[in-house]
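The data block below is structure02.txt; it holds compact mmCIF, C-alpha atoms.
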# COMPACT_ATOMS: atom_id res chain seq x y z
CA MET M 15 96.33 21.89 87.66
CA ALA M 16 94.55 23.43 90.62
CA LYS M 17 91.26 25.21 89.96
CA HIS M 18 92.45 28.54 91.28
CA ARG M 19 95.43 28.80 88.92
CA TRP M 20 92.99 29.73 86.16
CA PHE M 21 94.39 33.21 85.58
CA LYS M 22 97.94 32.05 84.95
CA ARG M 23 96.87 29.18 82.76
CA PHE M 24 94.46 31.08 80.56
CA ILE M 25 95.91 34.58 80.39
CA PRO M 26 95.97 34.44 76.54
CA PHE M 27 92.20 34.23 76.58
CA ALA M 28 91.91 37.03 79.11
CA LEU M 29 94.02 39.26 76.92
CA ALA M 30 91.93 38.42 73.89
CA ALA M 31 88.62 39.59 75.33
CA VAL M 32 89.02 43.35 75.48
CA ALA M 33 86.92 46.42 74.63
CA VAL M 34 83.26 45.51 75.09
CA THR M 35 82.40 49.01 73.84
CA ALA M 36 82.37 48.40 70.12
CA PHE M 37 80.54 45.08 70.32
CA ILE M 38 77.66 46.52 72.31
CA GLY M 39 77.46 49.51 70.01
CA ALA M 40 77.42 47.31 66.95
CA CYS M 41 74.84 44.84 68.20
CA GLY M 42 72.56 47.25 70.04
CA GLY M 43 72.16 44.91 73.00
CA ASP M 44 72.93 46.43 76.38
CA ASP M 45 71.66 49.89 77.24
CA ASP M 46 75.18 50.91 78.21
CA ASP M 47 76.72 53.25 75.66
CA GLY M 48 80.03 51.44 75.75
CA GLY M 49 82.78 50.14 77.96
CA SER M 50 85.81 51.28 79.86
CA THR M 51 88.96 52.24 78.02
CA ALA M 52 91.14 51.64 81.07
CA PRO M 53 93.86 48.97 80.90
CA ALA M 54 92.85 45.44 81.78
CA VAL M 55 93.26 44.49 85.41
CA THR M 56 94.24 41.22 87.02
CA ALA M 57 91.69 39.43 89.16
CA THR M 58 92.53 38.09 92.56
CA ALA M 59 93.07 34.35 92.55
CA SER M 60 90.85 32.28 94.81
CA VAL M 61 92.22 31.56 98.27
CA PRO M 62 91.19 28.09 99.46
CA ALA M 63 89.86 27.97 102.99
CA THR M 64 91.65 25.89 105.61
CA PRO M 65 89.95 24.21 108.56
CA THR M 66 91.35 26.77 110.99
CA GLU M 67 90.72 29.83 108.86
CA SER M 68 87.81 32.05 109.80
CA ALA M 69 85.20 32.89 107.19
CA GLN M 70 85.97 36.58 107.62
CA LYS M 71 89.66 36.13 106.95
CA ARG M 72 88.93 34.00 103.90
CA VAL M 73 86.67 36.71 102.48
CA GLN M 74 89.23 39.42 103.20
CA GLU M 75 91.98 37.49 101.45
CA ARG M 76 89.77 36.82 98.44
CA LEU M 77 88.91 40.50 98.09
CA GLN M 78 92.52 41.60 98.41
CA GLY M 79 93.64 43.35 95.23
CA VAL M 80 90.20 43.63 93.64
CA PRO M 81 90.18 47.04 91.90
CA GLY M 82 87.74 49.45 93.50
CA ILE M 83 87.78 47.95 97.00
CA VAL M 84 89.67 50.45 99.14
CA ASP M 85 90.04 48.32 102.29
CA PRO M 86 89.19 44.64 101.88
CA ALA M 87 89.78 44.11 105.60
CA ASN M 88 86.74 46.30 106.31
CA LEU M 89 83.68 44.06 106.13
CA SER M 90 81.55 46.33 108.31
CA TRP M 91 79.73 49.59 107.56
CA PRO M 92 80.44 52.19 106.43
CA ARG M 93 82.79 50.98 103.73
CA GLU M 94 84.56 52.78 100.89
CA VAL M 95 84.98 51.94 97.23
CA GLU M 96 86.54 53.78 94.33
CA GLY M 97 84.97 54.13 90.91
CA LEU M 98 85.60 56.29 87.89
CA ASN M 99 83.85 59.12 89.73
CA GLY M 100 86.22 58.85 92.69
CA LYS M 101 85.98 57.37 96.18
CA ARG M 102 82.49 56.94 97.57
CA THR M 103 81.33 55.87 101.02
CA ILE M 104 78.50 53.38 101.44
CA LYS M 105 77.02 54.06 104.87
CA ALA M 106 75.00 50.89 105.31
CA LYS M 107 74.06 47.74 103.44
CA PRO M 108 72.01 49.05 100.52
CA THR M 109 68.43 47.84 100.27
CA LYS M 110 67.26 50.05 97.37
CA ILE M 111 69.52 49.47 94.35
CA HIS M 112 69.30 50.63 90.75
CA THR M 113 71.84 50.13 87.98
CA MET M 114 72.14 51.89 84.65
CA SER M 115 73.02 48.87 82.52
CA ALA M 116 71.36 45.58 81.63
CA GLY M 117 74.71 43.85 82.06
CA ILE M 118 75.22 45.25 85.54
CA ASP M 119 71.62 44.29 86.34
CA GLU M 120 72.53 40.70 85.46
CA ILE M 121 75.35 40.69 88.00
CA THR M 122 73.21 42.47 90.59
CA LEU M 123 70.28 40.08 90.23
CA SER M 124 72.70 37.18 90.70
CA LEU M 125 73.96 38.65 93.97
CA VAL M 126 70.97 40.15 95.78
CA PRO M 127 67.30 39.22 96.27
CA LEU M 128 64.95 40.76 93.72
CA GLU M 129 63.26 42.91 96.37
CA ARG M 130 66.42 44.98 96.80
CA VAL M 131 66.27 46.18 93.17
CA VAL M 132 63.89 49.14 92.89
CA ALA M 133 63.77 49.45 89.08
CA VAL M 134 65.49 48.43 85.87
CA GLY M 135 66.00 49.96 82.44
CA SER M 136 63.91 48.88 79.46
CA ALA M 137 66.79 46.81 78.07
CA THR M 138 66.72 44.55 81.13
CA LYS M 139 63.09 43.74 80.37
CA ASN M 140 63.86 42.92 76.74
CA PRO M 141 64.41 39.18 76.12
CA ASP M 142 66.48 40.08 73.05
CA THR M 143 68.91 41.88 75.35
CA THR M 144 69.18 39.71 78.44
CA SER M 145 68.17 36.24 79.59
CA PHE M 146 67.18 37.82 82.91
CA ALA M 147 64.17 39.57 81.32
CA PRO M 148 61.51 37.14 82.65
CA LEU M 149 62.75 37.73 86.20
CA VAL M 150 62.20 41.51 86.20
CA GLN M 151 58.89 42.01 84.38
CA GLY M 152 57.22 42.99 87.65
CA LEU M 153 59.73 45.73 88.46
CA PRO M 154 59.23 49.39 87.51
CA THR M 155 60.98 50.61 84.38
CA ALA M 156 63.23 53.65 84.70
CA ALA M 157 64.58 55.84 81.94
CA ARG M 158 68.23 56.91 82.08
CA GLU M 159 67.60 60.62 82.73
CA PRO M 160 68.66 61.82 86.21
CA GLU M 161 65.13 62.73 87.22
CA ALA M 162 63.82 59.26 86.37
CA VAL M 163 66.67 57.57 88.19
CA VAL M 164 66.13 59.65 91.32
CA ALA M 165 62.39 58.97 91.16
CA THR M 166 63.02 55.24 91.60
CA GLY M 167 63.83 55.91 95.24
CA ALA M 168 67.20 54.20 94.93
CA GLU M 169 69.71 54.87 97.69
CA LEU M 170 72.54 53.42 95.59
CA VAL M 171 72.99 53.72 91.83
CA ILE M 172 75.60 51.84 89.83
CA ALA M 173 76.56 53.76 86.68
CA THR M 174 78.31 52.54 83.55
CA PRO M 175 81.83 53.59 82.52
CA THR M 176 80.55 55.79 79.70
CA GLN M 177 77.78 57.50 81.63
CA LYS M 178 78.15 61.25 81.18
CA ALA M 179 79.65 63.12 84.12
CA ASP M 180 76.80 65.61 84.27
CA VAL M 181 74.26 62.77 84.60
CA VAL M 182 76.23 61.23 87.46
CA ALA M 183 76.60 64.63 89.13
CA ALA M 184 72.88 65.36 88.83
CA ILE M 185 71.94 62.07 90.50
CA GLU M 186 74.47 62.62 93.27
CA GLY M 187 73.18 66.16 93.68
CA ALA M 188 69.86 64.68 94.72
CA GLY M 189 71.53 62.87 97.61
CA VAL M 190 71.90 59.46 95.95
CA THR M 191 75.18 57.57 96.20
CA VAL M 192 76.50 56.80 92.71
CA ILE M 193 79.37 54.46 91.94
CA GLN M 194 80.57 54.56 88.35
CA LEU M 195 82.18 51.22 87.62
CA ASN M 196 85.38 50.82 85.64
CA LEU M 197 84.39 47.65 83.80
CA ASP M 198 86.99 45.34 82.28
CA PRO M 199 85.45 42.78 79.89
CA THR M 200 88.26 40.21 80.11
CA PRO M 201 87.49 36.96 81.97
CA ALA M 202 89.54 38.23 84.93
CA GLY M 203 87.71 41.54 84.82
CA ARG M 204 84.32 39.85 84.81
CA LEU M 205 85.21 38.07 88.05
CA ASN M 206 86.49 41.29 89.59
CA ALA M 207 83.18 42.98 88.77
CA ILE M 208 81.30 40.23 90.61
CA LEU M 209 83.54 40.55 93.67
CA LEU M 210 83.42 44.36 93.68
CA LEU M 211 79.64 44.49 93.40
CA GLY M 212 79.35 41.79 96.05
CA TYR M 213 81.38 44.00 98.37
CA ILE M 214 79.32 47.08 97.48
CA TYR M 215 76.07 45.23 98.21
CA GLY M 216 77.33 43.50 101.36
CA GLU M 217 77.08 40.08 99.69
CA GLU M 218 80.72 39.00 99.76
CA GLU M 219 80.13 35.28 100.35
CA ARG M 220 77.57 35.10 97.57
CA ALA M 221 79.93 36.97 95.22
CA ILE M 222 82.75 34.54 95.92
CA ALA M 223 80.45 31.57 95.25
CA LEU M 224 79.24 33.09 91.97
CA ALA M 225 82.78 34.00 90.85
CA ASP M 226 83.87 30.42 91.53
CA GLU M 227 80.91 29.09 89.54
CA VAL M 228 81.66 31.35 86.57
CA GLN M 229 85.37 30.57 86.72
CA ALA M 230 84.80 26.82 86.81
CA ARG M 231 82.54 26.85 83.77
CA TYR M 232 84.92 29.02 81.77
CA GLU M 233 87.84 26.81 82.72
CA LYS M 234 85.94 23.69 81.69
CA VAL M 235 85.71 25.01 78.13
CA VAL M 236 89.15 26.51 77.68
CA SER M 237 90.87 23.51 79.25
CA VAL M 238 89.74 21.69 76.09
CA THR M 239 89.82 24.41 73.43
CA GLY M 240 93.15 25.74 74.65
CA LYS M 241 94.77 22.49 73.57
CA LYS M 242 93.53 22.77 69.96
CA SER M 243 96.19 23.48 67.36
CA GLU M 244 95.82 26.67 65.37
CA ALA M 245 95.53 24.63 62.19
CA ASP M 246 92.51 22.76 63.57
CA LYS M 247 90.67 25.84 64.75
CA PRO M 248 87.95 27.07 62.36
CA VAL M 249 87.93 30.68 61.23
CA VAL M 250 84.80 32.30 62.69
CA ALA M 251 83.28 35.62 61.64
CA SER M 252 80.89 37.41 63.98
CA VAL M 253 78.78 39.73 61.84
CA ALA M 254 75.59 41.70 62.43
CA LYS M 255 73.38 44.01 60.43
CA TYR M 256 71.44 46.86 61.93
CA THR M 257 71.84 50.11 60.02
CA THR M 258 75.09 48.74 58.57
CA VAL M 259 76.95 45.45 58.47
CA THR M 260 79.66 45.09 61.11
CA MET M 261 82.25 42.44 61.93
CA ALA M 262 83.95 41.75 65.26
CA GLY M 263 87.67 42.50 65.02
CA ALA M 264 90.61 42.66 67.37
CA GLY M 265 89.79 44.02 70.81
CA SER M 266 86.10 43.11 70.69
CA THR M 267 84.04 40.92 72.97
CA GLY M 268 83.22 38.84 69.91
CA GLU M 269 86.90 38.10 69.46
CA GLY M 270 87.22 36.98 73.08
CA ILE M 271 84.23 34.64 72.80
CA ILE M 272 85.46 33.11 69.54
CA THR M 273 89.00 32.62 70.83
CA ALA M 274 87.90 31.00 74.10
CA ALA M 275 85.50 28.70 72.23
CA GLY M 276 88.34 27.38 70.11
CA GLY M 277 88.06 29.42 66.94
CA ARG M 278 90.16 31.96 65.09
CA ASN M 279 88.50 35.35 64.77
CA ALA M 280 88.10 36.26 61.09
CA GLY M 281 87.99 39.97 61.79
CA THR M 282 91.29 39.86 63.63
CA THR M 283 92.93 37.92 60.81
CA ALA M 284 91.59 40.55 58.39
CA GLY M 285 93.20 43.35 60.40
CA LEU M 286 89.95 44.82 61.73
CA LYS M 287 89.75 46.50 65.13
CA GLY M 288 86.69 46.85 67.29
CA ASN M 289 83.46 46.32 65.36
CA PRO M 290 83.82 48.38 62.21
CA GLN M 291 81.37 48.76 59.38
CA ILE M 292 82.24 46.44 56.52
CA GLY M 293 81.14 45.57 53.01
CA LEU M 294 80.39 42.05 51.90
CA GLU M 295 83.80 41.94 50.22
CA ALA M 296 85.34 41.86 53.71
CA ILE M 297 83.52 38.59 54.41
CA VAL M 298 84.82 37.21 51.12
CA ALA M 299 88.36 38.27 52.04
CA ALA M 300 88.09 36.80 55.54
CA ASN M 301 86.86 33.50 54.04
CA PRO M 302 85.37 32.19 57.33
CA ASP M 303 84.55 28.55 57.98
CA VAL M 304 81.75 29.59 60.30
CA ILE M 305 79.63 32.75 60.51
CA ILE M 306 77.75 33.69 63.68
CA ILE M 307 75.09 36.39 63.75
CA PRO M 308 74.42 37.74 67.28
CA MET M 309 71.01 39.27 66.55
CA PRO M 310 67.39 38.68 67.59
CA ALA M 311 65.92 35.63 65.87
CA GLU M 312 63.70 37.38 63.32
CA ALA M 313 66.15 40.07 62.23
CA GLY M 314 69.04 37.65 62.40
CA GLY M 315 67.16 35.12 60.29
CA LYS M 316 66.57 37.70 57.57
CA PHE M 317 70.23 38.68 57.55
CA LYS M 318 71.25 35.02 57.41
CA ALA M 319 68.99 34.51 54.38
CA GLU M 320 70.61 37.50 52.69
CA LEU M 321 74.09 36.08 53.24
CA LEU M 322 73.14 32.63 51.98
CA ALA M 323 71.54 34.10 48.86
CA GLU M 324 74.34 36.54 48.04
CA PRO M 325 76.17 35.32 44.88
CA SER M 326 79.47 36.96 45.87
CA LEU M 327 79.56 34.84 49.06
CA ALA M 328 78.80 31.51 47.38
CA THR M 329 82.39 30.26 47.61
CA VAL M 330 82.92 31.32 51.24
CA PRO M 331 83.19 28.04 53.22
CA ALA M 332 80.66 29.08 55.88
CA VAL M 333 78.05 29.89 53.21
CA LYS M 334 78.94 27.01 50.92
CA ASN M 335 78.67 24.49 53.76
CA GLY M 336 75.67 26.07 55.46
CA LYS M 337 77.55 26.93 58.64
CA VAL M 338 75.85 30.27 59.30
CA TYR M 339 74.22 30.52 62.72
CA VAL M 340 71.98 33.09 64.36
CA VAL M 341 73.13 33.17 67.99
CA PRO M 342 71.35 34.70 71.01
CA PRO M 343 72.43 38.29 71.72
CA PRO M 344 71.56 37.95 75.44
CA LEU M 345 74.64 35.73 75.68
CA TYR M 346 76.91 37.26 73.07
CA THR M 347 76.34 40.99 73.59
CA THR M 348 75.71 41.36 77.30
CA ASN M 349 78.08 43.38 79.45
CA SER M 350 78.44 40.70 82.13
CA PHE M 351 79.68 37.22 82.96
CA ALA M 352 76.88 35.84 80.74
CA ASN M 353 79.50 35.98 77.99
CA VAL M 354 80.78 32.70 79.49
CA ARG M 355 77.52 31.12 78.37
CA ALA M 356 78.28 32.43 74.89
CA VAL M 357 81.65 30.68 75.03
CA GLU M 358 79.87 27.45 75.99
CA HIS M 359 77.27 27.98 73.28
CA LEU M 360 79.82 28.59 70.54
CA ALA M 361 82.02 25.71 71.71
CA HIS M 362 79.03 23.44 71.08
CA ILE M 363 78.71 24.81 67.54
CA LEU M 364 82.41 24.40 66.78
CA TRP M 365 83.11 21.18 68.70
CA PRO M 366 79.75 19.40 69.23
CA SER M 367 81.25 16.02 70.11
CA GLU M 368 83.25 17.52 72.97
CA PHE M 369 80.58 20.01 74.06
CA PRO M 370 77.23 18.25 73.57
CA VAL M 371 75.10 20.76 75.51
CA ALA M 372 73.48 23.10 72.99
CA ASP M 373 71.75 25.39 75.49
CA PRO M 374 74.07 26.18 78.42
CA PRO M 375 72.13 26.67 81.67
CA GLN M 376 71.71 29.95 83.47
CA PHE M 377 74.08 30.66 86.33
CA SER M 378 72.67 30.47 89.84
CA LEU M 379 70.79 33.41 91.29
CA ALA M 380 70.94 34.87 94.79
CA GLY M 381 69.75 32.33 97.32
CA GLN M 382 70.32 29.39 94.99
CA ALA M 383 73.00 26.75 95.08
CA ALA M 384 75.31 26.63 92.06
CA ARG M 385 73.81 24.53 89.28
Step by step, read the file and then write its structure as structure tokens.
Amino acid sequence: MAKHRWFKRFIPFALAAVAVTAFIGACGGDDDDGGSTAPAVTATASVPATPTESAQKRVQERLQGVPGIVDPANLSWPREVEGLNGKRTIKAKPTKIHTMSAGIDEITLSLVPLERVVAVGSATKNPDTTSFAPLVQGLPTAAREPEAVVATGAELVIATPTQKADVVAAIEGAGVTVIQLNLDPTPAGRLNAILLLGYIYGEEERAIALADEVQARYEKVVSVTGKKSEADKPVVASVAKYTTVTMAGAGSTGEGIITAAGGRNAGTTAGLKGNPQIGLEAIVAANPDVIIIPMPAEAGGKFKAELLAEPSLATVPAVKNGKVYVVPPPLYTTNSFANVRAVEHLAHILWPSEFPVADPPQFSLAGQAAR
């Protein structure tokens, strides 16, 4: 099947990965307060170039239908996009960018040179939050208050879906262009976010290359796991413990990762939605074959020890067979395409003979060839 038929072929997986809000809130990873509640959107399928097709036409066709791009035929400046805060005009290619989310920073840093980012939030500098942390240690750190954001000198700010309207208004009141993204955490939505931000930043070609890279790696996994029978798929529980114990249920990013990696989400089977607080009896009832803990290594290790030592969990297959894994939150809880690396990571845990790479590589950055 052709590479660019990905959306038709894997729409069950796209529909499974919804509502990043609860997962981020439960795991405390990204500095975004949550995710969009808007219906999932459909990404634009890739349009292969032909020898006689101009690069500009190819870009225009690829951007056609991407939510937020008002006129994909307009590749000059000014250009207009539409976010949750309405239509906004970008007068010229932005050179001073700031985003209000570690996940959006990950996309941004993959699209533009580092020198175009004026500051990042503290979460983007935290290696427990994002794998991009080493890249940004030299950048200023900005708090999320309007005054701090304006003080970065940014000419363009990308806000999260749940950013409060008064915060957005205050930043705009200081003369800064703010675009509040309507993020969709499905695989199709992740690609749309790359293409939209590429258009916003004037990096359309780079965005198309990155979207193709992400798409290809996702497809490589689900082309194998999608053929697994339900009976062969292990039941996987994604649990975490911060102030309370939570489990990923239906409509969570955890569910989408587990499903794409070839597992059955225990929380969904148990009738849970989002990432609700649970008691240990819920783990017993779910009876998972595998438990993953998306937490920082030290805290996750302590929680893992608690689960393994808990008498009431002794008969749960994951505990009985020692299949409890602390997994990296920078992959599993980020609000970006890095979730594809989580799919690769979990596929290795579940199907090591078919996915022998334990540590999936980073995606390419701006100015790099796809790796």
Using all atoms listed in the file: which of M:Arg355, M:Pro342, M:Ile222, M:Leu197 has the shortest distance to Arg72 in chain M |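 Counting all atoms listed in the file, the residue closest to Arg72 in chain M is M:Ile222.
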With only C-alpha atoms as the counted atoms, please give the residues lying no more than 12 Å from range 85-87 of chain M, apart from itself and same-chain residues fewer than 5 positions off, as a PDB file with C-alpha atoms, in the frame of the given file.
ATOM      1  CA  THR M  58      92.530  38.090  92.560  1.00  0.00           C
ATOM      2  CA  GLN M  70      85.970  36.580 107.620  1.00  0.00           C
ATOM      3  CA  LYS M  71      89.660  36.130 106.950  1.00  0.00           C
ATOM      4  CA  ARG M  72      88.930  34.000 103.900  1.00  0.00           C
ATOM      5  CA  VAL M  73      86.670  36.710 102.480  1.00  0.00           C
ATOM      6  CA  GLN M  74      89.230  39.420 103.200  1.00  0.00           C
ATOM      7  CA  GLU M  75      91.980  37.490 101.450  1.00  0.00           C
ATOM      8  CA  ARG M  76      89.770  36.820  98.440  1.00  0.00           C
ATOM      9  CA  LEU M  77      88.910  40.500  98.090  1.00  0.00           C
ATOM     10  CA  GLN M  78      92.520  41.600  98.410  1.00  0.00           C
ATOM     11  CA  GLY M  79      93.640  43.350  95.230  1.00  0.00           C
ATOM     12  CA  VAL M  80      90.200  43.630  93.640  1.00  0.00           C
ATOM     13  CA  PRO M  92      80.440  52.190 106.430  1.00  0.00           C
ATOM     14  CA  ARG M  93      82.790  50.980 103.730  1.00  0.00           C
ATOM     15  CA  GLU M  94      84.560  52.780 100.890  1.00  0.00           C
ATOM     16  CA  VAL M  95      84.980  51.940  97.230  1.00  0.00           C
ATOM     17  CA  GLU M  96      86.540  53.780  94.330  1.00  0.00           C
ATOM     18  CA  LYS M 101      85.980  57.370  96.180  1.00  0.00           C
ATOM     19  CA  THR M 103      81.330  55.870 101.020  1.00  0.00           C
ATOM     20  CA  LEU M 209      83.540  40.550  93.670  1.00  0.00           C
ATOM     21  CA  LEU M 210      83.420  44.360  93.680  1.00  0.00           C
ATOM     22  CA  GLY M 212      79.350  41.790  96.050  1.00  0.00           C
ATOM     23  CA  TYR M 213      81.380  44.000  98.370  1.00  0.00           C
ATOM     24  CA  ILE M 214      79.320  47.080  97.480  1.00  0.00           C
ATOM     25  CA  GLY M 216      77.330  43.500 101.360  1.00  0.00           C
ATOM     26  CA  GLU M 218      80.720  39.000  99.760  1.00  0.00           C
TER      27      GLU M 218
END
Pick out the closest residue to Ala319 in chain M from this set: M:Val338, M:Val84, M:Ala202, M:Ala156. Count only C-alpha atoms.
-> M:Val338
Quick one, how far is CA of Pro141 in chain M from CA of Glu358 in chain M?
->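 Result for CA of Pro141 in chain M versus CA of Glu358 in chain M: 19.4 Å, one decimal.
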Could you write out as AutoDock Vina command-line options the box around range 70-80 of chain M (axis-aligned, all atoms listed in the file, 8 Å on each side), with centre and edge lengths in Å to one decimal?
--center_x 89.8 --center_y 38.8 --center_z 100.6 --size_x 23.7 --size_y 25.6 --size_z 30.0
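If you look at CA of Glu161 in chain M and CA of Ala133 in chain M, they are 13.5 Å away from each other.
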Smallest atom-to-atom distance to Gly315 in chain M: which of M:Leu379, M:Ala254, M:Ala274, M:Val163, using only C-alpha atoms?
->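 Checking each candidate against Gly315 in chain M, we get M:Ala254 as the closest.
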In Å, how far is it from CA of Val181 in chain M to CA of Thr200 in chain M?
->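 Taking CA of Val181 in chain M as the start and CA of Thr200 in chain M as the end point, the length is 26.9 Å.
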Taking all atoms listed in the file into account, produce a table as JSON lines in which each residue of range 304-362 of chain M with an atom at most 12 Å from an atom of range 263-271 of chain M appears once, together with its shortest atom pair and the distance in Å to one decimal, ordered by chain and rising number.
{"residue": "M:Ile305", "atom": "CA", "partner": "M:Gly268", "partner_atom": "CA", "distance": 11.8}
{"residue": "M:Ile306", "atom": "CA", "partner": "M:Gly268", "partner_atom": "CA", "distance": 9.8}
{"residue": "M:Ile307", "atom": "CA", "partner": "M:Gly268", "partner_atom": "CA", "distance": 10.5}
{"residue": "M:Pro308", "atom": "CA", "partner": "M:Gly268", "partner_atom": "CA", "distance": 9.3}
{"residue": "M:Val341", "atom": "CA", "partner": "M:Gly268", "partner_atom": "CA", "distance": 11.7}
{"residue": "M:Pro343", "atom": "CA", "partner": "M:Gly268", "partner_atom": "CA", "distance": 11.0}
{"residue": "M:Leu345", "atom": "CA", "partner": "M:Ile271", "partner_atom": "CA", "distance": 10.1}
{"residue": "M:Tyr346", "atom": "CA", "partner": "M:Gly268", "partner_atom": "CA", "distance": 7.2}
{"residue": "M:Thr347", "atom": "CA", "partner": "M:Thr267", "partner_atom": "CA", "distance": 7.7}
{"residue": "M:Thr348", "atom": "CA", "partner": "M:Thr267", "partner_atom": "CA", "distance": 9.4}
{"residue": "M:Asn349", "atom": "CA", "partner": "M:Thr267", "partner_atom": "CA", "distance": 9.1}
{"residue": "M:Ser350", "atom": "CA", "partner": "M:Thr267", "partner_atom": "CA", "distance": 10.7}
{"residue": "M:Phe351", "atom": "CA", "partner": "M:Ile271", "partner_atom": "CA", "distance": 11.4}
{"residue": "M:Ala352", "atom": "CA", "partner": "M:Ile271", "partner_atom": "CA", "distance": 10.9}
{"residue": "M:Asn353", "atom": "CA", "partner": "M:Ile271", "partner_atom": "CA", "distance": 7.1}
{"residue": "M:Val354", "atom": "CA", "partner": "M:Ile271", "partner_atom": "CA", "distance": 7.8}
{"residue": "M:Arg355", "atom": "CA", "partner": "M:Ile271", "partner_atom": "CA", "distance": 9.4}
{"residue": "M:Ala356", "atom": "CA", "partner": "M:Ile271", "partner_atom": "CA", "distance": 6.7}
{"residue": "M:Val357", "atom": "CA", "partner": "M:Ile271", "partner_atom": "CA", "distance": 5.2}
{"residue": "M:Glu358", "atom": "CA", "partner": "M:Ile271", "partner_atom": "CA", "distance": 9.0}
{"residue": "M:His359", "atom": "CA", "partner": "M:Ile271", "partner_atom": "CA", "distance": 9.6}
{"residue": "M:Leu360", "atom": "CA", "partner": "M:Ile271", "partner_atom": "CA", "distance": 7.8}
{"residue": "M:Ala361", "atom": "CA", "partner": "M:Ile271", "partner_atom": "CA", "distance": 9.3}
Which of M:Glu217, M:Asp373, M:Asp142, M:Glu368 sits closest to Met309 in chain M [using all atoms listed in the file] | M:Asp142
Point (75.0, 34.6, 96.6) neighbourhood (12 Å, only C-alpha atoms) written as a ChimeraX atom specification | /M:121-127,208-209,211-213,215-227,377-384
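Minimum distance to Ala179 in chain M across M:Thr166, M:Asn99, M:Thr191, M:Asn289 (counting all atoms listed in the file) occurs at M:Asn99.
Remark: for Gln151 in chain M, the closest of the candidate residues M:Ala230, M:Ala245, M:Leu128, M:Ala173 is M:Leu128 (distances computed over all atoms listed in the file).
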Around the point (85.2, 52.8, 89.8), in the coordinates given by the file, pick out the residues reaching within 7 Å, counting all atoms listed in the file, and return them as a PyMOL selection string.
-> chain M and resi 82+96-100+193-196
